[in-house]
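**Q** Following this message is one structure expressed as structure tokens.
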Amino acid sequence: MKHLNETTNVNILSQFDIGTGYKAVVQKGNVGSKYVYALQLRRGATTILRGYRGNNINNPILELSGQAGGHTQTWEYAGNRIKSDGNPRSGQWFVGVKPSHNDPNYDWAKQIARIDIRYTSGSHTDNTEFPRLAFLSYAGSAPFGGDSMTHAEAAVSPDYTKLLIATIENGETGHFTIYNLDEINRSLDNAGKGYVSLEGFPYQDSFTVSNLYGEGQDNII
């Protein structure tokens with residue numbers, strides 16, 4: 001495994017307290033101008049906590065379990081542009097759903113849903129309650145079979161113009177594909193509660209890191 005350079009002299013600009021009263025790892029955080037969000041895997045369910053800046057982040061607003069669950073580290077704001085119907089997009093977030101069983105240690109999510117927390121907060125047990133991106137292993141320039149996909153995540157660029165889909169093949173090879181976020185959102189708008197397949201979906205860039213994970217000397221992680 002490669003040794004990465006240590007980062008020093010980091011300035012802390014803000015700190016936030018979860019304040020739930022129990023111990024659980026925060027898989028993903030998101031700091032907005034008004035709210036702070038924390039994603040946790042709690043008793044087998046993906047739980048989204050929210051709080052105002054300056055207060056504890058301990059108000060559960062969303063719980064995903066069953067087919068709506070799946071271990072994930074994706075909680076990404078879907079952008080603030082206008083929807084296809086002319087209404088604002090604020091309140092829409094990307095999150096991993098639908099557990100796979102390809103990794104012996106974790107049931108990672110294998111789809112990326114877009115959830116509008118203004119209207120679909122609370123508890124959910126079915127991934128088909130939301131529009132979602134599916135067939136993630138077929139994204140980009142190096143598609144591979146879904147049975148070999150051990151992990152998948154998504155990230156949105158700071159200017160909300162691009163969506164990155166990252167997939168891991170057989171626990172080692174990383175595939176990364178960048179999409180136009182507006183095109184992804186419009187496709188999800190038109191999908192209703194269905195899915196948008198990434199097989200053949202137009203992308204802006206795509207690349208592969210063959211040695212992303214592993215115990216070998218040349219592996220990155």
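By order of appearance in the structure tokens: chains A, B, ..., then residues from 1 within every chain, and ligands from 1 in the order shown.
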Could you pull the residues within 6 Å of region 191-200 of chain A, counting only C-alpha atoms, minus those fewer than 3 positions along the same chain, as a PyMOL selection string?
**A** chain A and resi 129-136+138-139+188
**Q** Restricted to N, CA and C atoms, what would the selected residues look like written as a compact mmCIF listing (two decimals), in the first residue's frame?
**A**
# COMPACT_ATOMS: atom_id res chain seq x y z
N GLU A 129 -39.74 3.97 -4.06
CA GLU A 129 -40.47 5.17 -3.66
C GLU A 129 -39.83 6.43 -4.22
N PHE A 130 -38.64 6.31 -4.84
CA PHE A 130 -37.90 7.49 -5.27
C PHE A 130 -37.37 7.31 -6.69
N PRO A 131 -37.20 8.40 -7.44
CA PRO A 131 -36.43 8.30 -8.69
C PRO A 131 -34.98 8.00 -8.36
N ARG A 132 -34.31 7.22 -9.21
CA ARG A 132 -32.97 6.77 -8.83
C ARG A 132 -32.14 6.43 -10.07
N LEU A 133 -30.85 6.45 -9.87
CA LEU A 133 -29.88 6.03 -10.88
C LEU A 133 -29.56 4.57 -10.65
N ALA A 134 -29.62 3.77 -11.70
CA ALA A 134 -29.41 2.33 -11.60
C ALA A 134 -28.39 1.87 -12.64
N PHE A 135 -28.02 0.59 -12.55
CA PHE A 135 -27.00 0.01 -13.42
C PHE A 135 -25.73 0.86 -13.39
N LEU A 136 -25.31 1.17 -12.17
CA LEU A 136 -24.15 2.05 -11.99
C LEU A 136 -22.86 1.43 -12.51
N TYR A 138 -22.40 0.01 -15.16
CA TYR A 138 -22.30 0.21 -16.61
C TYR A 138 -22.02 1.67 -16.97
N ALA A 139 -21.74 2.50 -15.97
CA ALA A 139 -21.45 3.90 -16.23
C ALA A 139 -20.09 4.07 -16.89
N LEU A 188 -34.06 12.31 -14.14
CA LEU A 188 -34.75 11.84 -12.94
C LEU A 188 -36.12 12.51 -12.80
**Q** Skip Ser148 (chain A) itself and residues of its chain fewer than 4 positions away, then list as a ChimeraX atom specification all residues within 9 Å of it, counting only C-alpha atoms.
**A** /A:102,137,144,168-171
**Q** Keeping only N, CA and C atoms, write those residues as an mmCIF file, in the first residue's frame.
**A**
data_model
loop_
_atom_site.group_PDB
_atom_site.id
_atom_site.type_symbol
_atom_site.label_atom_id
_atom_site.label_comp_id
_atom_site.auth_asym_id
_atom_site.auth_seq_id
_atom_site.Cartn_x
_atom_site.Cartn_y
_atom_site.Cartn_z
ATOM 1 N N ASN A 102 -22.546 -8.072 -2.526
ATOM 2 C CA ASN A 102 -21.331 -8.454 -3.238
ATOM 3 C C ASN A 102 -20.072 -8.304 -2.395
ATOM 4 N N SER A 137 -22.775 0.100 -12.484
ATOM 5 C CA SER A 137 -21.548 -0.548 -12.959
ATOM 6 C C SER A 137 -21.350 -0.377 -14.464
ATOM 7 N N PHE A 144 -18.840 -2.845 -16.456
ATOM 8 C CA PHE A 144 -18.590 -4.206 -15.986
ATOM 9 C C PHE A 144 -19.864 -4.738 -15.346
ATOM 10 N N ILE A 168 -16.673 0.561 -7.434
ATOM 11 C CA ILE A 168 -15.528 -0.296 -7.155
ATOM 12 C C ILE A 168 -15.819 -1.684 -7.708
ATOM 13 N N GLU A 169 -14.909 -2.177 -8.524
ATOM 14 C CA GLU A 169 -15.041 -3.504 -9.131
ATOM 15 C C GLU A 169 -14.189 -4.510 -8.363
ATOM 16 N N ASN A 170 -14.856 -5.541 -7.854
ATOM 17 C CA ASN A 170 -14.180 -6.633 -7.138
ATOM 18 C C ASN A 170 -13.301 -6.144 -5.993
ATOM 19 N N GLY A 171 -13.736 -5.083 -5.329
ATOM 20 C CA GLY A 171 -13.035 -4.604 -4.149
ATOM 21 C C GLY A 171 -11.672 -4.013 -4.412
#
**Q** Find the spatial neighbours of Ser90 (chain A), counting only C-alpha atoms, within a cut-off of 10 Å - ignore same-chain residues fewer than 3 positions away - and output them as a compact mmCIF listing (two decimals) with N, CA and C atoms, in the first residue's frame.
**A**
# COMPACT_ATOMS: atom_id res chain seq x y z
N TYR A 77 -26.35 17.32 -1.97
CA TYR A 77 -27.38 18.24 -2.43
C TYR A 77 -27.45 18.21 -3.95
N ALA A 78 -28.66 18.09 -4.48
CA ALA A 78 -28.84 17.90 -5.92
C ALA A 78 -28.81 19.21 -6.70
N GLY A 79 -28.58 20.33 -6.03
CA GLY A 79 -28.46 21.60 -6.74
C GLY A 79 -29.67 22.49 -6.54
N ASN A 80 -29.52 23.74 -6.93
CA ASN A 80 -30.57 24.74 -6.70
C ASN A 80 -31.13 25.31 -7.99
N ARG A 81 -30.93 24.61 -9.08
CA ARG A 81 -31.48 25.08 -10.35
C ARG A 81 -32.97 24.74 -10.45
N ILE A 82 -33.64 25.33 -11.41
CA ILE A 82 -35.07 25.13 -11.58
C ILE A 82 -35.34 23.75 -12.17
N LYS A 83 -36.39 23.08 -11.67
CA LYS A 83 -36.79 21.77 -12.17
C LYS A 83 -37.42 21.88 -13.55
N ASN A 87 -40.48 24.59 -11.08
CA ASN A 87 -40.39 24.79 -9.64
C ASN A 87 -38.95 24.67 -9.17
N TRP A 93 -31.99 15.67 -2.57
CA TRP A 93 -30.68 15.15 -2.17
C TRP A 93 -30.45 13.77 -2.79
N ASP A 116 -36.58 14.08 -2.14
CA ASP A 116 -36.97 15.45 -1.80
C ASP A 116 -37.44 15.45 -0.35
N ILE A 117 -36.60 15.97 0.55
CA ILE A 117 -36.91 15.89 1.98
C ILE A 117 -38.04 16.83 2.37
N ARG A 118 -38.49 17.70 1.47
CA ARG A 118 -39.65 18.54 1.77
C ARG A 118 -40.93 17.72 1.78
**Q** Counting only C-alpha atoms, which residue out of A:Asn56, A:Thr74, A:Asn9, A:Ser100 sits closest to Gly29 (chain A)?
**A**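 So, comparing all the options, the nearest one is A:Thr74.
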**Q** So, counting only C-alpha atoms, which residue among A:Thr173, A:Gln92, A:Ser33, A:Thr47 is closest to Gly214 (chain A)?
**A**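 So, comparing all the options, the nearest one is A:Thr173.
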**Q** Between A:Asp107, A:Gly51, A:Gly122, A:Ile61, single out the one closest to Gly32 (chain A), counting only C-alpha atoms.
**A**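 With only C-alpha atoms as the atom set, the closest residue is A:Gly51.
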